[in-house]
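Asker: Pasting a structure here, questions to come.
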Amino acid sequence: MRVGVFLFHESRNPGADAQVIHEAVREAQLAEAEGMDAVFLAEHHFDGNCAYVDPPTMAAALAMATTRIKIGFAVLQSSLYHPLRMAEQIALIDNLSKGRLIVGLGRGSMVNLHEYKGYQVDPASAQERFEEIEKILFQCWSGEPVKHEGKYWNIDIPMLRPLPFTKPHPPVLRSVASEASLVGQARQGRPVIMAAATAAGAAHNIDVYRKAASEAGISDAGIDRAIAESWVSRTAIIAPTDEEAQNVGMPYFRQMQQYRAAQSSAFEQRAADQNKAAAPPLQCGSPATVMEDFTTLAATGIGGVSVRFRTGPMPAEFSARALKLFMKEIAPRVRQEVRAPAFA
């Protein structure tokens, strides 16, 4: 199983934005130095939940600041973009990184509705826009003239420039936030990006994927390949001892929940539901404590896990130490479970 870091750096104070953005770049560089396979970027606007805001711009910066590590989107909020601009940005970043891009796409958050308002997009149209945009992206990367007449865009261009470095285009994964969307992608045999708080949750998702894909006529080899190219995102608070993880690290996660809940009633309800559960929606403890969950996750055959080490107002030093502990003590074990190459 591949391992990556998920950069989701919060900044509550506008005066701290520059510092937090540079800390995110340094965490990506640390991930590469420690031998991680990928760094994934989030997207949120207007609220400080994601300090660097614009993942294509951040990805371009990381392409220049790193040399080996793959750079992924988890995910681009596709309905907020113009399809031609998105196609150009992705192609350019793929060239700048020399083929290191992983393109994770989603319709956009249904928790932070203020983002749609800011971009003057009706949230009810998000899924339709997403489907149309993805169709246009693949046309743009074909190297052929692009003629498209749709509900939201009419496009007629001779050719998109530049074309992607990766042929025919970088790997494209869809975010799946519900079982219905997971089944929809499984029936097409497409790799996905999923969120799962536990290895058991990820295993359930993979069972659902396998069943739906098989019923759609996808071969066992095709199913294995799609799962081996899929990623699951996790949140983990890791410290040398369980006590420090719980007493020092966990409060940062709770503060993140409170901050986001104050901005969004939908997130407030989701956080309340999570906190009613028997266990919080993350892994928390020493490497020895969280080890079993990660090795069990690796045994499912999933291609990779991207771990968010920094939550809320957590200091950069705390999350950097967690990343190092993960790579020293957990990564060697989970990498033993690689079933098939993911974006090799």
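Chain labels follow the order of the structure tokens: the first chain is A, the next B, and so on; residue numbering restarts at 1 in every chain, and ligands are counted from 1 in their shown order.
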Neighbouring residues of Ala197 of chain A were defined as those with any atom within 12 Å, considering only C-alpha atoms; residues of the same chain fewer than 3 positions away were excluded. Please report them as a PyMOL selection string.
Answerer: chain A and resi 194+200-205+232-236+274+277+279-284+293-294+297+305+307-308
Asker: Tell me, as a ChimeraX atom specification, which residues lie within 8 Å of Pro145 of chain A, counting only C-alpha atoms; anything in the same chain fewer than 5 positions away does not count.
Answerer: /A:140,156-160
Asker: Only N, CA, C and O atoms, please: the residues just picked out, written as a PDB file, in the first residue's frame.
Answerer:
```pdb
ATOM      1  N   CYS A 140     -10.700  17.671 -24.183  1.00  0.00           N
ATOM      2  CA  CYS A 140      -9.604  18.630 -24.285  1.00  0.00           C
ATOM      3  C   CYS A 140      -8.242  17.944 -24.321  1.00  0.00           C
ATOM      4  O   CYS A 140      -7.315  18.414 -25.002  1.00  0.00           O
ATOM      5  N   ASP A 156     -15.964  25.579 -28.617  1.00  0.00           N
ATOM      6  CA  ASP A 156     -15.476  25.278 -29.966  1.00  0.00           C
ATOM      7  C   ASP A 156     -14.068  25.854 -30.065  1.00  0.00           C
ATOM      8  O   ASP A 156     -13.881  27.050 -30.287  1.00  0.00           O
ATOM      9  N   ILE A 157     -13.066  25.002 -29.863  1.00  0.00           N
ATOM     10  CA  ILE A 157     -11.670  25.436 -29.944  1.00  0.00           C
ATOM     11  C   ILE A 157     -10.902  24.467 -30.836  1.00  0.00           C
ATOM     12  O   ILE A 157     -11.244  23.288 -30.926  1.00  0.00           O
ATOM     13  N   PRO A 158      -9.843  24.944 -31.497  1.00  0.00           N
ATOM     14  CA  PRO A 158      -9.093  24.054 -32.389  1.00  0.00           C
ATOM     15  C   PRO A 158      -8.305  22.991 -31.655  1.00  0.00           C
ATOM     16  O   PRO A 158      -8.122  21.876 -32.149  1.00  0.00           O
ATOM     17  N   MET A 159      -7.805  23.338 -30.438  1.00  0.00           N
ATOM     18  CA  MET A 159      -6.985  22.384 -29.693  1.00  0.00           C
ATOM     19  C   MET A 159      -6.611  22.998 -28.359  1.00  0.00           C
ATOM     20  O   MET A 159      -6.424  24.210 -28.257  1.00  0.00           O
ATOM     21  N   LEU A 160      -6.533  22.177 -27.333  1.00  0.00           N
ATOM     22  CA  LEU A 160      -6.064  22.661 -26.036  1.00  0.00           C
ATOM     23  C   LEU A 160      -4.537  22.603 -26.005  1.00  0.00           C
ATOM     24  O   LEU A 160      -3.944  21.619 -26.433  1.00  0.00           O
TER      25      LEU A 160
END
```
Asker: Once DSSP has gone over the backbone, tell me which residues of segment 21-220 of chain A are in strand (DSSP E or B), as an MDAnalysis selection string.
Answerer: chainID A and resid 38:41 70:73 76:77 101:106 146:149 154:157 172:176 192:195
Asker: List every residue of segment 39-119 of chain A that has an atom at most 12 Å from any atom of segment 6-20 of chain A, and for each one report the closest atom pair and its distance in Å to one decimal, counting only C-alpha atoms, with rows sorted by chain and then by increasing residue number, as JSON lines.
Answerer:
```
{"residue": "A:Val39", "atom": "CA", "partner": "A:Phe6", "partner_atom": "CA", "distance": 5.9}
{"residue": "A:Phe40", "atom": "CA", "partner": "A:Phe6", "partner_atom": "CA", "distance": 4.7}
{"residue": "A:Leu41", "atom": "CA", "partner": "A:Leu7", "partner_atom": "CA", "distance": 5.5}
{"residue": "A:Ala42", "atom": "CA", "partner": "A:Phe8", "partner_atom": "CA", "distance": 5.9}
{"residue": "A:Glu43", "atom": "CA", "partner": "A:Phe8", "partner_atom": "CA", "distance": 8.4}
{"residue": "A:His44", "atom": "CA", "partner": "A:Phe8", "partner_atom": "CA", "distance": 9.3}
{"residue": "A:His45", "atom": "CA", "partner": "A:Glu10", "partner_atom": "CA", "distance": 11.3}
{"residue": "A:Phe46", "atom": "CA", "partner": "A:Pro14", "partner_atom": "CA", "distance": 10.5}
{"residue": "A:Asp47", "atom": "CA", "partner": "A:Arg12", "partner_atom": "CA", "distance": 7.8}
{"residue": "A:Gly48", "atom": "CA", "partner": "A:Ser11", "partner_atom": "CA", "distance": 4.9}
{"residue": "A:Asn49", "atom": "CA", "partner": "A:Glu10", "partner_atom": "CA", "distance": 4.6}
{"residue": "A:Cys50", "atom": "CA", "partner": "A:Glu10", "partner_atom": "CA", "distance": 5.1}
{"residue": "A:Ala51", "atom": "CA", "partner": "A:Ser11", "partner_atom": "CA", "distance": 5.5}
{"residue": "A:Tyr52", "atom": "CA", "partner": "A:His9", "partner_atom": "CA", "distance": 7.8}
{"residue": "A:Val53", "atom": "CA", "partner": "A:His9", "partner_atom": "CA", "distance": 9.7}
{"residue": "A:Asp54", "atom": "CA", "partner": "A:Phe8", "partner_atom": "CA", "distance": 11.7}
{"residue": "A:Pro55", "atom": "CA", "partner": "A:Leu7", "partner_atom": "CA", "distance": 10.2}
{"residue": "A:Met58", "atom": "CA", "partner": "A:Leu7", "partner_atom": "CA", "distance": 10.6}
{"residue": "A:Ala59", "atom": "CA", "partner": "A:Leu7", "partner_atom": "CA", "distance": 11.2}
{"residue": "A:Leu62", "atom": "CA", "partner": "A:Leu7", "partner_atom": "CA", "distance": 11.7}
{"residue": "A:Lys70", "atom": "CA", "partner": "A:Phe6", "partner_atom": "CA", "distance": 11.9}
{"residue": "A:Ile71", "atom": "CA", "partner": "A:Phe6", "partner_atom": "CA", "distance": 10.2}
{"residue": "A:Gly72", "atom": "CA", "partner": "A:Phe6", "partner_atom": "CA", "distance": 9.1}
{"residue": "A:Phe73", "atom": "CA", "partner": "A:Phe6", "partner_atom": "CA", "distance": 9.3}
{"residue": "A:Ala74", "atom": "CA", "partner": "A:Phe6", "partner_atom": "CA", "distance": 8.1}
{"residue": "A:Val75", "atom": "CA", "partner": "A:Phe6", "partner_atom": "CA", "distance": 10.7}
```
Asker: Which neighbours of Thr311 of chain A fall inside 7 Å, counting only C-alpha atoms, when residues of the same chain fewer than 2 positions from it are skipped, and could you give them as a VMD selection string?
Answerer: chain A and resid 9 252 to 253 256 309 313 to 314
Asker: In terms of the shortest atom-to-atom distance over only C-alpha atoms, which of A:Thr57, A:Thr67, A:Gln269, A:Ser125 is closest to Gln257 of chain A?
Answerer: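 Using only C-alpha atoms, Gln257 of chain A sits closest to A:Gln269.
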Asker: Just give me the gap between atom CA of Arg161 of chain A and atom CA of Lys147 of chain A in Å, one decimal is fine.
Answerer: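 Those two atoms sit 15.1 Å apart.
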Asker: Between A:Gly189, A:Gly222, A:Pro168, A:Gly312, which one has atoms that come closest to Gln258 of chain A, using only C-alpha atoms?
Answerer: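 With only C-alpha atoms as the atom set, the closest residue is A:Gly312.
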Asker: Can you tell me how far atom CA of Pro164 of chain A sits from atom CA of Ser79 of chain A, in Å to one decimal?
Answerer: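 Result for atom CA of Pro164 of chain A versus atom CA of Ser79 of chain A: 21.4 Å, one decimal.
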